[in-house]
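**Student:** My structure file work25.tsv, TSV, C-alpha atoms, is below:
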chain	number	residue	atom	x	y	z
A	19	MET	CA	-46.86	15.02	37.46
A	20	PRO	CA	-48.00	13.33	40.70
A	21	PRO	CA	-51.69	12.66	41.17
A	22	VAL	CA	-54.04	14.95	43.07
A	23	VAL	CA	-54.71	13.44	46.55
A	24	HIS	CA	-57.17	14.51	49.28
A	25	ASP	CA	-57.39	13.33	52.85
A	26	ASN	CA	-60.57	11.81	54.29
A	27	CYS	CA	-61.88	15.25	55.08
A	28	GLY	CA	-61.49	16.34	51.45
A	29	LYS	CA	-58.47	18.51	52.11
A	30	LEU	CA	-55.94	18.71	49.28
A	31	LEU	CA	-52.56	17.24	50.23
A	32	ASN	CA	-49.42	18.80	48.77
A	33	PRO	CA	-46.86	16.16	47.72
A	34	ILE	CA	-43.21	16.53	48.66
A	35	GLY	CA	-40.66	15.64	46.02
A	36	PRO	CA	-39.81	14.25	43.72
A	37	THR	CA	-37.01	12.07	45.02
A	38	ILE	CA	-35.16	10.73	42.00
A	39	THR	CA	-33.48	7.35	42.03
A	40	SER	CA	-31.53	6.12	38.98
A	41	THR	CA	-29.80	2.87	38.15
A	42	ASN	CA	-27.76	2.06	35.07
A	43	ASN	CA	-25.10	-0.32	33.83
A	44	ALA	CA	-21.55	0.81	33.11
A	45	GLY	CA	-22.35	1.92	29.56
A	46	GLY	CA	-25.59	3.62	30.37
A	47	CYS	CA	-27.49	1.42	27.92
A	48	GLU	CA	-29.86	-0.24	30.35
A	49	ALA	CA	-31.26	1.83	33.17
A	50	SER	CA	-34.23	2.83	35.27
A	51	ARG	CA	-35.25	6.10	36.82
A	52	GLN	CA	-37.86	6.51	39.55
A	53	TYR	CA	-39.64	9.71	40.59
A	54	ALA	CA	-41.24	9.49	44.05
A	55	TRP	CA	-43.49	11.94	45.93
A	56	LYS	CA	-44.55	11.69	49.57
A	57	TYR	CA	-47.96	12.75	50.88
A	58	PHE	CA	-48.61	13.68	54.57
A	59	ASP	CA	-51.99	14.36	56.13
A	60	CYS	CA	-52.56	16.34	59.29
A	61	GLU	CA	-52.61	13.16	61.35
A	62	GLY	CA	-49.04	12.36	60.34
A	63	ASN	CA	-50.01	9.55	58.04
A	64	ALA	CA	-47.60	9.29	55.11
A	65	HIS	CA	-47.74	7.50	51.78
A	66	VAL	CA	-45.39	7.44	48.79
A	67	TRP	CA	-46.49	7.51	45.18
A	68	SER	CA	-43.89	6.90	42.46
A	69	THR	CA	-43.53	6.31	38.77
A	70	THR	CA	-40.60	4.34	37.32
A	71	TYR	CA	-39.19	4.44	33.78
A	72	HIS	CA	-37.27	1.47	32.41
A	73	PHE	CA	-35.30	1.87	29.20
A	74	GLN	CA	-32.93	-0.23	27.13
A	75	TYR	CA	-30.66	1.03	24.34
A	76	THR	CA	-31.72	-0.64	21.10
A	77	ALA	CA	-30.97	1.77	18.23
A	78	ASP	CA	-27.98	1.22	15.96
A	79	PHE	CA	-25.51	4.00	15.09
A	80	PHE	CA	-24.05	5.48	11.89
A	81	VAL	CA	-20.49	4.98	10.65
A	82	TYR	CA	-18.87	6.87	7.78
A	83	PRO	CA	-18.05	4.98	4.57
A	84	ASP	CA	-14.61	3.38	4.26
A	85	GLN	CA	-11.98	5.47	2.52
A	86	VAL	CA	-9.13	4.87	0.07
A	87	ASP	CA	-6.03	6.90	-0.68
A	88	TYR	CA	-3.28	6.67	-3.29
A	89	VAL	CA	0.32	7.37	-2.32
A	90	ALA	CA	3.63	7.35	-4.17
A	91	CYS	CA	5.54	5.63	-1.39
A	92	LEU	CA	4.48	2.81	0.88
A	93	ASP	CA	6.14	4.67	3.75
A	94	TYR	CA	3.47	7.35	3.32
A	95	ALA	CA	0.75	4.82	4.25
A	96	GLN	CA	0.62	5.69	7.94
A	97	PRO	CA	-2.20	5.14	10.47
A	98	PRO	CA	-4.93	7.75	10.03
A	99	VAL	CA	-6.91	9.54	12.69
A	100	PRO	CA	-10.21	7.61	12.74
A	101	PRO	CA	-13.43	9.64	12.54
A	102	THR	CA	-15.31	10.59	15.67
A	103	ILE	CA	-18.48	8.51	15.96
A	104	TYR	CA	-21.38	9.01	18.36
A	105	ASP	CA	-24.15	6.62	19.38
A	106	ASN	CA	-27.78	7.64	19.13
A	107	CYS	CA	-27.69	9.01	22.68
A	108	GLY	CA	-24.88	11.40	21.78
A	109	GLN	CA	-22.14	9.46	23.56
A	110	GLU	CA	-18.80	9.23	21.76
A	111	ILE	CA	-17.79	5.68	20.88
A	112	VAL	CA	-14.10	4.96	21.36
A	113	ALA	CA	-12.66	3.01	18.43
A	114	SER	CA	-10.41	0.00	18.93
A	115	GLY	CA	-7.50	-0.73	16.63
A	116	PRO	CA	-6.11	-0.32	14.17
A	117	VAL	CA	-5.75	-3.80	12.73
A	118	VAL	CA	-3.26	-3.61	9.85
A	119	THR	CA	-3.48	-5.84	6.79
A	120	GLU	CA	-1.27	-5.51	3.75
A	121	GLU	CA	-0.12	-7.08	0.52
A	122	ILE	CA	3.25	-5.77	-0.63
A	123	SER	CA	5.28	-6.74	-3.67
A	124	GLU	CA	8.49	-8.64	-3.04
A	125	GLU	CA	10.68	-5.67	-3.92
A	126	GLY	CA	8.53	-3.33	-1.83
A	127	CYS	CA	7.72	-1.02	-4.73
A	128	SER	CA	3.94	-1.36	-4.66
A	129	GLY	CA	1.26	-2.73	-2.41
A	130	VAL	CA	-1.95	-2.27	-0.48
A	131	ARG	CA	-2.12	-1.44	3.23
A	132	THR	CA	-5.36	-1.19	5.21
A	133	PHE	CA	-5.95	0.22	8.69
A	134	THR	CA	-9.21	-0.97	10.26
A	135	TYR	CA	-10.89	0.39	13.39
A	136	VAL	CA	-13.91	-1.12	15.16
A	137	TYR	CA	-16.61	0.88	16.93
A	138	THR	CA	-18.84	-0.90	19.47
A	139	ASP	CA	-21.58	0.84	21.44
A	140	CYS	CA	-22.89	-0.21	24.82
A	141	GLY	CA	-25.86	-1.87	23.19
A	142	GLY	CA	-23.62	-4.37	21.44
A	143	HIS	CA	-23.84	-2.84	17.97
A	144	SER	CA	-20.48	-3.00	16.21
A	145	HIS	CA	-19.21	-1.52	12.95
A	146	ALA	CA	-15.78	-1.28	11.32
A	147	TRP	CA	-14.26	1.67	9.50
A	148	SER	CA	-11.11	1.40	7.39
A	149	LEU	CA	-8.70	3.39	5.28
A	150	THR	CA	-6.94	1.55	2.47
A	151	TYR	CA	-3.78	2.90	0.86
A	152	PHE	CA	-2.74	1.90	-2.65
A	153	ALA	CA	0.98	2.55	-3.01
A	154	ASP	CA	3.04	2.62	-6.20
A	155	ASP	CA	6.62	3.84	-5.90
A	156	ASN	CA	7.13	6.32	-8.72
A	157	GLU	CA	9.39	8.71	-6.84
A	158	PRO	CA	12.93	9.09	-8.21
A	159	PRO	CA	15.81	9.40	-5.75
A	160	ALA	CA	15.92	12.73	-3.96
A	161	GLY	CA	18.90	15.07	-4.04
A	162	ASN	CA	20.99	16.67	-6.74
A	163	CYS	CA	24.16	15.97	-8.61
A	164	PRO	CA	26.96	17.51	-6.54
A	165	SER	CA	28.04	20.98	-7.57
A	166	GLY	CA	31.39	21.35	-9.27
A	167	THR	CA	32.51	21.56	-12.84
A	168	ALA	CA	29.67	20.19	-14.96
A	169	ASP	CA	27.90	18.64	-11.93
A	170	ASN	CA	30.66	16.31	-10.97
A	171	VAL	CA	33.01	15.23	-8.23
A	172	ASP	CA	36.56	16.14	-9.19
A	173	VAL	CA	39.64	14.11	-8.47
A	174	THR	CA	42.72	16.24	-9.17
A	175	ASP	CA	45.51	14.46	-7.36
A	176	LEU	CA	46.58	12.10	-10.15
A	177	ALA	CA	50.29	12.02	-10.73
A	178	CYS	CA	50.38	10.01	-13.93
A	179	ILE	CA	48.08	9.54	-16.85
A	180	GLU	CA	48.17	5.83	-16.08
A	181	ASP	CA	46.17	6.61	-12.92
A	182	VAL	CA	43.09	7.57	-14.94
A	183	PRO	CA	40.72	4.59	-14.54
A	184	CYS	CA	39.68	2.37	-17.39
A	185	PRO	CA	35.87	2.10	-17.63
A	186	GLU	CA	35.85	-1.66	-18.05
A	187	ALA	CA	37.95	-2.57	-15.02
A	188	TYR	CA	37.94	0.19	-12.43
A	189	ASP	CA	36.20	0.00	-9.04
A	190	PHE	CA	34.33	3.30	-8.65
A	191	ALA	CA	32.80	2.42	-5.28
A	192	ASP	CA	34.58	5.06	-3.21
A	193	LYS	CA	33.90	7.85	-5.68
A	194	ILE	CA	30.28	6.81	-6.07
A	195	ASP	CA	29.84	7.06	-2.29
A	196	GLU	CA	31.48	10.48	-2.38
A	197	MET	CA	29.21	11.57	-5.23
A	198	LEU	CA	26.04	10.39	-3.47
A	199	GLY	CA	27.08	12.02	-0.22
A	200	ALA	CA	28.06	15.30	-1.84
A	201	GLY	CA	24.69	15.52	-3.60
A	202	GLY	CA	22.62	14.31	-0.64
A	203	ILE	CA	21.13	11.65	-2.90
A	204	TYR	CA	18.94	8.95	-1.32
A	205	ASP	CA	15.95	6.73	-2.04
A	206	LEU	CA	12.95	8.83	-1.06
A	207	CYS	CA	10.50	5.97	-0.55
A	208	SER	CA	12.11	2.91	0.91
A	209	GLY	CA	15.58	4.02	1.97
A	210	HIS	CA	17.14	1.06	0.17
A	211	ASP	CA	20.54	1.22	-1.47
A	212	LEU	CA	20.59	3.04	-4.78
A	213	VAL	CA	21.41	1.39	-8.09
A	214	VAL	CA	24.27	3.34	-9.70
A	215	THR	CA	25.23	2.38	-13.24
A	216	LEU	CA	28.11	3.63	-15.35
A	217	ASP	CA	26.41	5.24	-18.32
A	218	SER	CA	29.16	6.75	-20.45
A	219	TRP	CA	32.54	8.45	-20.35
A	220	THR	CA	34.57	10.91	-22.34
A	221	ALA	CA	37.65	10.09	-24.34
A	222	LEU	CA	40.92	10.32	-22.43
A	223	TRP	CA	42.46	13.72	-22.97
A	224	GLU	CA	46.24	14.21	-22.80
A	225	CYS	CA	48.17	17.31	-21.82
A	226	SER	CA	45.64	19.79	-23.11
A	227	ASP	CA	44.79	23.29	-22.01
A	228	PRO	CA	41.12	23.55	-23.00
A	229	ASP	CA	40.41	26.73	-21.03
A	230	GLY	CA	43.68	28.46	-21.99
A	231	ASP	CA	44.78	29.16	-18.43
A	232	GLY	CA	48.27	27.78	-18.99
A	233	GLN	CA	47.55	24.71	-16.90
A	234	TYR	CA	47.86	21.53	-18.92
A	235	THR	CA	45.80	18.63	-17.68
A	236	PHE	CA	44.94	15.09	-18.60
A	237	GLY	CA	41.98	13.03	-17.52
A	238	ARG	CA	38.54	11.60	-18.21
A	239	THR	CA	34.95	12.17	-17.03
A	240	PHE	CA	32.59	9.31	-16.14
A	241	TYR	CA	28.78	9.69	-16.11
A	242	PHE	CA	26.51	7.61	-13.89
A	243	SER	CA	22.76	7.00	-13.88
A	244	ILE	CA	21.22	6.78	-10.41
A	245	ALA	CA	18.02	4.84	-9.72
A	246	ASP	CA	16.18	3.34	-6.79
A	247	GLN	CA	15.33	-0.33	-6.35
A	248	CYS	CA	12.05	0.21	-8.20
A	249	GLY	CA	13.68	1.52	-11.38
A	250	ASN	CA	12.90	5.22	-10.85
A	251	GLU	CA	15.84	7.20	-12.24
A	252	MET	CA	17.06	10.68	-11.53
A	253	ALA	CA	16.65	12.94	-14.55
A	254	ASP	CA	20.31	13.97	-14.62
A	255	LEU	CA	23.46	11.95	-15.00
A	256	CYS	CA	25.97	12.68	-12.27
A	257	SER	CA	29.64	12.56	-13.04
A	258	VAL	CA	33.09	12.03	-11.61
A	259	THR	CA	36.08	13.64	-13.30
A	260	TYR	CA	39.61	12.29	-12.85
A	261	SER	CA	42.32	14.75	-13.86
A	262	GLY	CA	45.95	15.56	-13.23
A	263	LYS	CA	48.45	18.22	-14.23
A	264	CYS	CA	51.07	17.55	-16.87
A	265	GLN	CA	53.78	19.31	-18.82
A	266	PRO	CA	53.19	19.89	-22.52
A	267	ILE	CA	55.57	18.31	-25.03
A	268	THR	CA	58.16	20.90	-26.06
A	269	THR	CA	59.27	21.05	-29.70
A	270	PHE	CA	62.77	22.48	-30.16
A	271	PRO	CA	63.91	24.37	-33.29
A	272	ALA	CA	66.00	22.42	-35.80
A	273	GLY	CA	69.66	22.15	-34.74
A	274	HIS	CA	68.88	23.04	-31.14
A	275	LEU	CA	69.70	20.33	-28.68
A	276	GLY	CA	68.05	22.04	-25.74
A	277	ALA	CA	69.46	22.73	-22.35
For the file at hand, write its structure as structure tokens.

**Tutor:**
Amino acid sequence: MPPVVHDNCGKLLNPIGPTITSTNNAGGCEASRQYAWKYFDCEGNAHVWSTTYHFQYTADFFVYPDQVDYVACLDYAQPPVPPTIYDNCGQEIVASGPVVTEEISEEGCSGVRTFTYVYTDCGGHSHAWSLTYFADDNEPPAGNCPSGTADNVDVTDLACIEDVPCPEAYDFADKIDEMLGAGGIYDLCSGHDLVVTLDSWTALWECSDPDGDGQYTFGRTFYFSIADQCGNEMADLCSVTYSGKCQPITTFPAGHLGA
């Protein structure tokens, strides 16, 4: 409040004001504010009385503790939304960053990735906040063995039994691609090529009619294990069946030469 002032005749003068004048730097951390009142007497004499406050931001601010998270895939370690931090005057501090640091295994199956943000208030106080992901790829390939007979891809256009592939020498590349595509199978974590290994196969069957539908077939089924680059395998074996139609061997009665 302004002081009580009287003129030379003892009359109380009523101050006019206050007029407020403020100065501050860009961040509002160093500033001054002046309150000024003006006194007039009946002779027209005027005088100003003012009080000025000077302040400087000195208090530090609080930052939340760093965080950690555990993910199955390194691809899941994405930049977080940093926490909202305020200085001690209630002004939000805008974070800079993130700065990304990481240590990843050569095959990309495991690693550590850290996102760091820095908060600096207008008083020059600075603190970092980070989120660190620990990744360990334990996700098997996604997808399913393609639907069909016994979860397989069928090949039914063989003309001769000699066309049925031999496990030791045959190139299954085209049929493996067909099998993976039909089942929508892919590496969930890294997107790398899958590791497909021939696991087992059935014995070659010749001119049999196992389901009794009158259609004689020959062929063989091959079973494959499917894994990602980190050794995570699908639970099921997917298969490819090669088959063709054939005529059964006819046995004629004794003495009958046949037509």

**Student:** Using only C-alpha atoms, which protein or nucleic acid residues come within 9 Å of segment 171-185 of chain A? Drop anything in the same chain fewer than 5 positions from it, and give the result as JSON, numbers by chain.

**Tutor:** {"A": [163, 164, 165, 166, 190, 193, 196, 197, 200, 216, 218, 219, 222, 224, 236, 237, 238, 239, 240, 256, 257, 258, 259, 260, 261, 262, 263, 264]}

**Student:** Please determine, counting all atoms listed in the file, which residue among A:Ile111, A:Met252, A:Val23, A:Ile103 has the shortest atom-to-atom distance to Pro158 of chain A.

**Tutor:**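 When distances to Pro158 of chain A are compared using all atoms listed in the file, the smallest one comes from A:Met252.
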
**Student:** Using only C-alpha atoms, which residues sit within 9 Å of segment 64-66 of chain A once same-chain residues fewer than 6 positions away are excluded, as a PyMOL selection string?

**Tutor:** chain A and resi 33+54-58

**Student:** Suppose you want the space between atom CA of Asn32 of chain A and atom CA of Ser50 of chain A; what is it in Å?

**Tutor:**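 Computed distance, atom CA of Asn32 of chain A to atom CA of Ser50 of chain A, equals 25.8 Å.
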
**Student:** May I have the residues within 12 Å of Ser114 of chain A as a VMD selection string, using all atoms listed in the file and disregarding those fewer than 5 positions away in the same chain?

**Tutor:** chain A and resid 99 to 101 133 to 139 144 to 148

**Student:** If you count all atoms listed in the file, which residues fall within 7 Å of Tyr88 of chain A, apart from same-chain ones fewer than 6 positions away, as a list in words?

**Tutor:**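 Contacts, with the query itself left out: Tyr151, Phe152 and Ala153 of chain A.
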
**Student:** Which residue is closest to Val214 of chain A? Choose from A:Asp227, A:Glu110, A:Glu251, A:Glu186 and count all atoms listed in the file.

**Tutor:**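 With all atoms listed in the file as the atom set, the closest residue is A:Glu251.
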
**Student:** May I ask for the distance between atom CA of Thr215 of chain A and atom CA of Asp195 of chain A, given in Å to one decimal place?

**Tutor:**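 Distance reported for this atom pair: 12.8 Å.
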
**Student:** Would you list the residues near (-43.9, 4.0, 31.4), meaning any protein, DNA or RNA residue with an atom at most 12 Å from that point in file coordinates, counting only C-alpha atoms, as a compact mmCIF listing (two decimals) with C-alpha atoms, in the frame of the given file?

**Tutor:**
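So selection.txt came out as:
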# COMPACT_ATOMS: atom_id res chain seq x y z
CA SER A 50 -34.23 2.83 35.27
CA ARG A 51 -35.25 6.10 36.82
CA GLN A 52 -37.86 6.51 39.55
CA TYR A 53 -39.64 9.71 40.59
CA SER A 68 -43.89 6.90 42.46
CA THR A 69 -43.53 6.31 38.77
CA THR A 70 -40.60 4.34 37.32
CA TYR A 71 -39.19 4.44 33.78
CA HIS A 72 -37.27 1.47 32.41
CA PHE A 73 -35.30 1.87 29.20

**Student:** In Å to one decimal, how far is atom CA of Tyr82 of chain A from atom CA of Leu149 of chain A?

**Tutor:**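 Separating atom CA of Leu149 of chain A from atom CA of Tyr82 of chain A is a distance of 11.0 Å.
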